[in-house]
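Here is the structure we will look at, set down as structure tokens.
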Amino acid sequence: MTFDRSIKIAPSILSADFANFGQEIRAIEDQGADWVHVDVMDGHFVPNLTFGPPAVAAFRPHVKTFMDVHLMIAPVDPYIEAYAKAGADMITAHVEAGPHIHRTLQAIRAQGVKAGVSLNPGTPLDSIEYCMDLVDMVLVMTVNPGFGGQKFIHSGVEKTRKLRQMIGDRPIHIQIDGGVTPETAPLVAAAGADVLVAGSAVFKGGSVAKADVYGENIRAIRAAATAAQK
Ligand code: DX5
Ligand code: ZN
């Protein structure tokens with residue numbers, strides 16, 4: 001995958017029909033999704049439980065684009081290999097999930113997958129200052145992780161602007177996750193974000209049988225963000 005800063009929409013399958021992931025993934029990709037975002041939660045780092053490595057391995061053959069695996073788990077290091085073997089194209093770990101984010105990012109890259117680092121809304125940017133040469137993406141959380149459908153936290157916009165400066169010319173994506181809608185997407189796109197995760201705003205009103213609604217929702221977010229990008 002070549003690097004560019006065009007807007008990429010990454011629907012979170014946390015908002016999909018849990019009895020029908022194969023068809024849901026196909027539907028969002030047919031309707032224009034650029035990446036597929038998989039939210040892994042452990043009931044410990046975040047108050048919710050989702051997908052173990054076998055579930056992610058089952059998604060893999062259905063994903064034709066790029067499988068972006070967001071690990072909201074602690075500890076994270078013991079599970080990196082399993083999620084890489086399950087077929088993740090990128091693994092993102094939280095800086096708050098352990099004392100050794102640098103080691104974690106090295107371990108992700110050692111598996112031959114792209115590495116992302118994520119910051120909760122309350123975590124400052126300087127926590128990743130010395131990890132910039134180890135990451136392909138920084139994920140700025142604009143909700144407290146754990147659930148879909150929460151309200152966008154606006155301090156993420158200023159954080160994104162500062163992060164964009166910190167990145168400079170490095171080929172590092174800025175991803176936004178939480179409360180992304182056609183209303184909030186332009187704020188973060190103008191600040192420098194290029195990968196927008198959206199769960200409820202992509203899946204709302206649609207279904208595998210009404211997949212055209214997914215397409216309308218994806219296009220609305222992309223259009224609003226692209227128009228705001230500098
Ligand atoms: C939150 C997850 C998000 C979530 C986003 O913990 O990391 O990916 O699914 O959902 P929305 O877009 O509904 O805020
Ligand atoms: Zn996520």
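Residues are referred to by chain and number: the chain letter is A, B, ... according to the order shown in the structure tokens, the number counts from 1 in that chain, and ligands are numbered separately from 1 in the order shown.
Selection of all polymer residues within 6 Å of ligand 2 on the basis of only C-alpha atoms and all ligand atoms gives Asp39, His70 and Asp177 of chain A.
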Per residue of chain A within 7 Å of ligand 1, note the shortest atom pair and the distance in Å to one decimal, counting only C-alpha atoms and all ligand atoms, and order the rows by chain and increasing residue number, as a tab-separated table.
```
residue	atom	partner	partner_atom_place_in_ligand_line	distance
A:Ser12	CA	ligand 1	9 (O)	5.1
A:Leu14	CA	ligand 1	9 (O)	5.1
A:Ser15	CA	ligand 1	9 (O)	6.4
A:His37	CA	ligand 1	8 (O)	6.9
A:Asp39	CA	ligand 1	7 (O)	5.5
A:His70	CA	ligand 1	7 (O)	6.9
A:Val143	CA	ligand 1	1 (C)	6.7
A:Asn144	CA	ligand 1	6 (O)	6.5
A:Pro145	CA	ligand 1	6 (O)	3.2
A:Gly146	CA	ligand 1	6 (O)	3.8
A:Phe147	CA	ligand 1	6 (O)	4.6
A:Gly148	CA	ligand 1	10 (O)	3.5
A:Gly149	CA	ligand 1	13 (O)	3.6
A:Gln150	CA	ligand 1	14 (O)	5.1
A:Lys151	CA	ligand 1	14 (O)	6.9
A:Asp177	CA	ligand 1	8 (O)	5.4
A:Gly178	CA	ligand 1	14 (O)	3.6
A:Gly179	CA	ligand 1	14 (O)	3.7
A:Val180	CA	ligand 1	12 (O)	5.4
A:Val197	CA	ligand 1	8 (O)	6.1
A:Ala198	CA	ligand 1	12 (O)	3.7
A:Gly199	CA	ligand 1	12 (O)	3.5
A:Ser200	CA	ligand 1	13 (O)	3.8
A:Ala201	CA	ligand 1	12 (O)	5.9
```
- So which residues of range 3-221 of chain A fall under strand (DSSP E) by DSSP, listed as a PyMOL selection string? chain A and resi 8-11+36-41+67-72+90-94+114-119+137-141+173-177+195-198
- Please provide the set of residues having any atom within 9 Å of range 54-59 of chain A, restricted to only C-alpha atoms, with same-chain residues fewer than 5 positions apart removed, written as a list in words. Phe21, Gly22, Ile25, Val38, Met67, Val69, Ala82, Tyr83, Lys85, Ala86, Gly87 and Ala88 of chain A
Go ahead and write the residues just picked, all heavy atoms, as a PDB file, in the first residue's frame.
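The result, stored in result18.pdb:
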```
ATOM      1  N   PHE A  21     -21.035 -11.399   9.860  1.00  0.00           N
ATOM      2  CA  PHE A  21     -19.866 -10.559   9.550  1.00  0.00           C
ATOM      3  C   PHE A  21     -19.383 -10.670   8.111  1.00  0.00           C
ATOM      4  O   PHE A  21     -18.979  -9.678   7.518  1.00  0.00           O
ATOM      5  CB  PHE A  21     -18.717 -10.878  10.508  1.00  0.00           C
ATOM      6  CG  PHE A  21     -18.896 -10.241  11.850  1.00  0.00           C
ATOM      7  CD1 PHE A  21     -19.055 -11.014  12.996  1.00  0.00           C
ATOM      8  CD2 PHE A  21     -18.928  -8.866  11.974  1.00  0.00           C
ATOM      9  CE1 PHE A  21     -19.232 -10.423  14.232  1.00  0.00           C
ATOM     10  CE2 PHE A  21     -19.100  -8.260  13.211  1.00  0.00           C
ATOM     11  CZ  PHE A  21     -19.255  -9.044  14.339  1.00  0.00           C
ATOM     12  N   GLY A  22     -19.397 -11.874   7.544  1.00  0.00           N
ATOM     13  CA  GLY A  22     -18.886 -12.038   6.177  1.00  0.00           C
ATOM     14  C   GLY A  22     -19.626 -11.139   5.199  1.00  0.00           C
ATOM     15  O   GLY A  22     -19.023 -10.367   4.441  1.00  0.00           O
ATOM     16  N   ILE A  25     -19.040  -7.322   5.885  1.00  0.00           N
ATOM     17  CA  ILE A  25     -17.751  -6.831   5.388  1.00  0.00           C
ATOM     18  C   ILE A  25     -17.824  -6.636   3.878  1.00  0.00           C
ATOM     19  O   ILE A  25     -17.401  -5.605   3.345  1.00  0.00           O
ATOM     20  CB  ILE A  25     -16.610  -7.801   5.793  1.00  0.00           C
ATOM     21  CG1 ILE A  25     -16.362  -7.713   7.303  1.00  0.00           C
ATOM     22  CG2 ILE A  25     -15.327  -7.501   5.004  1.00  0.00           C
ATOM     23  CD1 ILE A  25     -15.489  -8.832   7.869  1.00  0.00           C
ATOM     24  N   VAL A  38     -11.424  -3.253  13.026  1.00  0.00           N
ATOM     25  CA  VAL A  38     -11.859  -4.329  13.926  1.00  0.00           C
ATOM     26  C   VAL A  38     -11.503  -3.944  15.361  1.00  0.00           C
ATOM     27  O   VAL A  38     -10.317  -3.822  15.708  1.00  0.00           O
ATOM     28  CB  VAL A  38     -11.179  -5.664  13.532  1.00  0.00           C
ATOM     29  CG1 VAL A  38     -11.608  -6.781  14.479  1.00  0.00           C
ATOM     30  CG2 VAL A  38     -11.503  -6.034  12.077  1.00  0.00           C
ATOM     31  N   MET A  67      -7.191  -4.753   6.647  1.00  0.00           N
ATOM     32  CA  MET A  67      -7.788  -5.058   7.952  1.00  0.00           C
ATOM     33  C   MET A  67      -6.982  -4.391   9.068  1.00  0.00           C
ATOM     34  O   MET A  67      -5.837  -4.738   9.344  1.00  0.00           O
ATOM     35  CB  MET A  67      -7.893  -6.567   8.188  1.00  0.00           C
ATOM     36  CG  MET A  67      -8.688  -6.895   9.460  1.00  0.00           C
ATOM     37  SD  MET A  67      -9.306  -8.597   9.541  1.00  0.00           S
ATOM     38  CE  MET A  67      -7.783  -9.496   9.707  1.00  0.00           C
ATOM     39  N   VAL A  69      -6.669  -3.580  12.850  1.00  0.00           N
ATOM     40  CA  VAL A  69      -7.085  -4.205  14.110  1.00  0.00           C
ATOM     41  C   VAL A  69      -6.679  -3.312  15.289  1.00  0.00           C
ATOM     42  O   VAL A  69      -5.487  -3.090  15.543  1.00  0.00           O
ATOM     43  CB  VAL A  69      -6.484  -5.627  14.247  1.00  0.00           C
ATOM     44  CG1 VAL A  69      -6.845  -6.237  15.591  1.00  0.00           C
ATOM     45  CG2 VAL A  69      -6.989  -6.523  13.106  1.00  0.00           C
ATOM     46  N   ALA A  82      -0.580 -13.587  17.875  1.00  0.00           N
ATOM     47  CA  ALA A  82      -1.837 -14.264  17.514  1.00  0.00           C
ATOM     48  C   ALA A  82      -2.691 -13.391  16.589  1.00  0.00           C
ATOM     49  O   ALA A  82      -3.288 -13.893  15.627  1.00  0.00           O
ATOM     50  CB  ALA A  82      -2.616 -14.625  18.775  1.00  0.00           C
ATOM     51  N   TYR A  83      -2.736 -12.076  16.860  1.00  0.00           N
ATOM     52  CA  TYR A  83      -3.528 -11.207  15.983  1.00  0.00           C
ATOM     53  C   TYR A  83      -2.830 -10.998  14.641  1.00  0.00           C
ATOM     54  O   TYR A  83      -3.504 -10.845  13.614  1.00  0.00           O
ATOM     55  CB  TYR A  83      -3.865  -9.874  16.671  1.00  0.00           C
ATOM     56  CG  TYR A  83      -4.994 -10.042  17.675  1.00  0.00           C
ATOM     57  CD1 TYR A  83      -4.732 -10.146  19.043  1.00  0.00           C
ATOM     58  CD2 TYR A  83      -6.311 -10.136  17.252  1.00  0.00           C
ATOM     59  CE1 TYR A  83      -5.756 -10.323  19.959  1.00  0.00           C
ATOM     60  CE2 TYR A  83      -7.345 -10.321  18.158  1.00  0.00           C
ATOM     61  CZ  TYR A  83      -7.066 -10.417  19.512  1.00  0.00           C
ATOM     62  OH  TYR A  83      -8.095 -10.612  20.415  1.00  0.00           O
ATOM     63  N   LYS A  85      -0.981 -13.355  13.164  1.00  0.00           N
ATOM     64  CA  LYS A  85      -1.239 -14.626  12.464  1.00  0.00           C
ATOM     65  C   LYS A  85      -2.694 -14.728  12.010  1.00  0.00           C
ATOM     66  O   LYS A  85      -3.012 -15.412  11.046  1.00  0.00           O
ATOM     67  CB  LYS A  85      -0.903 -15.804  13.378  1.00  0.00           C
ATOM     68  CG  LYS A  85       0.602 -15.943  13.632  1.00  0.00           C
ATOM     69  CD  LYS A  85       1.064 -17.403  13.605  1.00  0.00           C
ATOM     70  CE  LYS A  85       2.571 -17.520  13.416  1.00  0.00           C
ATOM     71  NZ  LYS A  85       3.316 -17.471  14.693  1.00  0.00           N
ATOM     72  N   ALA A  86      -3.594 -14.041  12.723  1.00  0.00           N
ATOM     73  CA  ALA A  86      -5.006 -14.030  12.326  1.00  0.00           C
ATOM     74  C   ALA A  86      -5.219 -13.217  11.049  1.00  0.00           C
ATOM     75  O   ALA A  86      -6.298 -13.241  10.470  1.00  0.00           O
ATOM     76  CB  ALA A  86      -5.861 -13.473  13.464  1.00  0.00           C
ATOM     77  N   GLY A  87      -4.190 -12.450  10.640  1.00  0.00           N
ATOM     78  CA  GLY A  87      -4.270 -11.779   9.349  1.00  0.00           C
ATOM     79  C   GLY A  87      -4.414 -10.272   9.389  1.00  0.00           C
ATOM     80  O   GLY A  87      -4.752  -9.662   8.375  1.00  0.00           O
ATOM     81  N   ALA A  88      -4.133  -9.651  10.538  1.00  0.00           N
ATOM     82  CA  ALA A  88      -4.200  -8.188  10.597  1.00  0.00           C
ATOM     83  C   ALA A  88      -3.194  -7.584   9.613  1.00  0.00           C
ATOM     84  O   ALA A  88      -2.068  -8.075   9.497  1.00  0.00           O
ATOM     85  CB  ALA A  88      -3.874  -7.717  12.009  1.00  0.00           C
TER      86      ALA A  88
END
```
- Task: Show which residues sit within 9 Å of range 204-207 of chain A, as an MDAnalysis selection string. Count only C-alpha atoms, and ignore same-chain residues fewer than 2 positions away.
- Result: chainID A and resid 15:17 24 27 199:202 209:214 217
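Every protein, DNA or RNA residue with an atom at most 12 Å from His100 in chain A, where only C-alpha atoms count and chain neighbours fewer than 3 positions away do not, is listed here: A:Ala74, A:Pro75, A:Val76, A:Asp77, A:Ala93, A:His94, A:Val95, A:Glu96, A:Ala97, A:Arg103, A:Thr104, A:Leu105, A:Gln106, A:Ala107, A:Val117, A:Ser127, A:Ile128, A:Tyr130, A:Cys131.
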- Query: So how far away is CA of Met137 in chain A from CA of Ala191 in chain A, in Å?
  - Reply: 15.5 Å
- Name the residues in contact with Leu125 in chain A at a cut-off of 9 Å, using only C-alpha atoms, excluding same-chain residues fewer than 4 positions from it; report them as a list in words. Leu119, Glu129, Lys159, Lys162 and Leu163 of chain A
Please save N, CA and C atoms of the selected residues as a PDB file, in the first residue's frame.
```
ATOM      1  N   LEU A 119      -4.034   6.891  21.395  1.00  0.00           N
ATOM      2  CA  LEU A 119      -4.084   7.734  22.598  1.00  0.00           C
ATOM      3  C   LEU A 119      -5.534   7.928  23.022  1.00  0.00           C
ATOM      4  N   GLU A 129       6.101  10.849  21.783  1.00  0.00           N
ATOM      5  CA  GLU A 129       7.122  11.656  21.100  1.00  0.00           C
ATOM      6  C   GLU A 129       8.315  10.819  20.629  1.00  0.00           C
ATOM      7  N   LYS A 159      -5.717  18.320  19.435  1.00  0.00           N
ATOM      8  CA  LYS A 159      -4.677  17.286  19.544  1.00  0.00           C
ATOM      9  C   LYS A 159      -4.236  16.834  18.151  1.00  0.00           C
ATOM     10  N   LYS A 162      -1.911  19.469  16.542  1.00  0.00           N
ATOM     11  CA  LYS A 162      -0.543  19.404  17.095  1.00  0.00           C
ATOM     12  C   LYS A 162       0.186  18.161  16.593  1.00  0.00           C
ATOM     13  N   LEU A 163      -0.538  17.049  16.527  1.00  0.00           N
ATOM     14  CA  LEU A 163       0.054  15.797  16.054  1.00  0.00           C
ATOM     15  C   LEU A 163       0.513  15.939  14.605  1.00  0.00           C
TER      16      LEU A 163
END
```
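Taking CA of Ile80 in chain A and CA of Leu49 in chain A as the two end points, the separation is 17.3 Å.
Interatomic distance, CA of Ala115 in chain A to CA of Val140 in chain A: 14.3 Å.
Those residues in range 81-151 of chain A carrying a DSSP assignment of alpha helix (DSSP H), computed from the backbone, are Glu81, Ala82, Tyr83, Ala84, Lys85, Ile101, His102, Arg103, Thr104, Leu105, Gln106, Ala107, Ile108, Arg109 and Ala110 of chain A.
Minimum atom-to-atom distances from A:Asp133, A:Asn20, A:Ala223, A:Gly32 to Asp169 in chain A were compared using only C-alpha atoms, and the lowest value belongs to A:Asp133.
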- Closest of A:Ala228, A:Met90, A:Met41, A:Ala193 to Met1 in chain A, counting only C-alpha atoms, is A:Met90
- Nearby residues (only C-alpha atoms) at most 8 Å from Pro186 in chain A, same-chain spacing under 3 positions excluded, as a list in words: Pro182, Glu183, Ala189, Ala190, Ala224, Ala225, Thr226, Ala227, Ala228 and Gln229 of chain A
With all heavy atoms retained, export the selected residues as an mmCIF file, in the first residue's frame.
```cif
data_model
loop_
_atom_site.group_PDB
_atom_site.id
_atom_site.type_symbol
_atom_site.label_atom_id
_atom_site.label_comp_id
_atom_site.auth_asym_id
_atom_site.auth_seq_id
_atom_site.Cartn_x
_atom_site.Cartn_y
_atom_site.Cartn_z
ATOM 1 N N PRO A 182 -20.739 13.077 9.451
ATOM 2 C CA PRO A 182 -20.492 14.136 8.452
ATOM 3 C C PRO A 182 -20.314 15.515 9.104
ATOM 4 O O PRO A 182 -19.738 16.411 8.495
ATOM 5 C CB PRO A 182 -21.748 14.091 7.573
ATOM 6 C CG PRO A 182 -22.242 12.683 7.703
ATOM 7 C CD PRO A 182 -21.951 12.301 9.142
ATOM 8 N N GLU A 183 -20.772 15.686 10.335
ATOM 9 C CA GLU A 183 -20.608 16.979 11.026
ATOM 10 C C GLU A 183 -19.230 17.105 11.684
ATOM 11 O O GLU A 183 -18.635 18.177 11.689
ATOM 12 C CB GLU A 183 -21.687 17.157 12.113
ATOM 13 C CG GLU A 183 -23.102 17.393 11.577
ATOM 14 C CD GLU A 183 -23.700 16.161 10.907
ATOM 15 O OE1 GLU A 183 -23.604 15.050 11.473
ATOM 16 O OE2 GLU A 183 -24.257 16.312 9.785
ATOM 17 N N ALA A 189 -10.508 16.473 9.712
ATOM 18 C CA ALA A 189 -9.829 16.467 8.402
ATOM 19 C C ALA A 189 -9.069 17.776 8.218
ATOM 20 O O ALA A 189 -7.917 17.776 7.769
ATOM 21 C CB ALA A 189 -10.839 16.255 7.282
ATOM 22 N N ALA A 190 -9.678 18.881 8.607
ATOM 23 C CA ALA A 190 -9.008 20.187 8.489
ATOM 24 C C ALA A 190 -7.790 20.242 9.402
ATOM 25 O O ALA A 190 -6.803 20.915 9.108
ATOM 26 C CB ALA A 190 -9.984 21.308 8.833
ATOM 27 N N ALA A 224 -17.704 15.351 3.157
ATOM 28 C CA ALA A 224 -17.538 16.430 4.140
ATOM 29 C C ALA A 224 -16.065 16.558 4.552
ATOM 30 O O ALA A 224 -15.540 17.673 4.670
ATOM 31 C CB ALA A 224 -18.398 16.133 5.375
ATOM 32 N N ALA A 225 -15.395 15.436 4.722
ATOM 33 C CA ALA A 225 -13.992 15.466 5.149
ATOM 34 C C ALA A 225 -13.086 15.971 4.031
ATOM 35 O O ALA A 225 -12.194 16.793 4.265
ATOM 36 C CB ALA A 225 -13.559 14.068 5.602
ATOM 37 N N THR A 226 -13.297 15.490 2.829
ATOM 38 C CA THR A 226 -12.439 15.863 1.700
ATOM 39 C C THR A 226 -12.535 17.361 1.434
ATOM 40 O O THR A 226 -11.521 18.028 1.169
ATOM 41 C CB THR A 226 -12.801 15.042 0.452
ATOM 42 O OG1 THR A 226 -12.686 13.658 0.780
ATOM 43 C CG2 THR A 226 -11.871 15.358 -0.714
ATOM 44 N N ALA A 227 -13.732 17.902 1.545
ATOM 45 C CA ALA A 227 -13.927 19.338 1.298
ATOM 46 C C ALA A 227 -13.171 20.186 2.323
ATOM 47 O O ALA A 227 -12.782 21.313 2.047
ATOM 48 C CB ALA A 227 -15.419 19.672 1.324
ATOM 49 N N ALA A 228 -12.969 19.623 3.513
ATOM 50 C CA ALA A 228 -12.329 20.389 4.592
ATOM 51 C C ALA A 228 -10.819 20.221 4.617
ATOM 52 O O ALA A 228 -10.125 20.982 5.300
ATOM 53 C CB ALA A 228 -12.910 19.930 5.931
ATOM 54 N N GLN A 229 -10.311 19.208 3.885
ATOM 55 C CA GLN A 229 -8.862 18.925 3.934
ATOM 56 C C GLN A 229 -8.071 20.046 3.294
ATOM 57 O O GLN A 229 -8.485 20.583 2.273
ATOM 58 C CB GLN A 229 -8.569 17.615 3.169
ATOM 59 C CG GLN A 229 -7.895 16.591 3.992
ATOM 60 C CD GLN A 229 -7.531 15.350 3.163
ATOM 61 O OE1 GLN A 229 -7.817 15.261 1.971
ATOM 62 N NE2 GLN A 229 -6.907 14.400 3.815
#
```
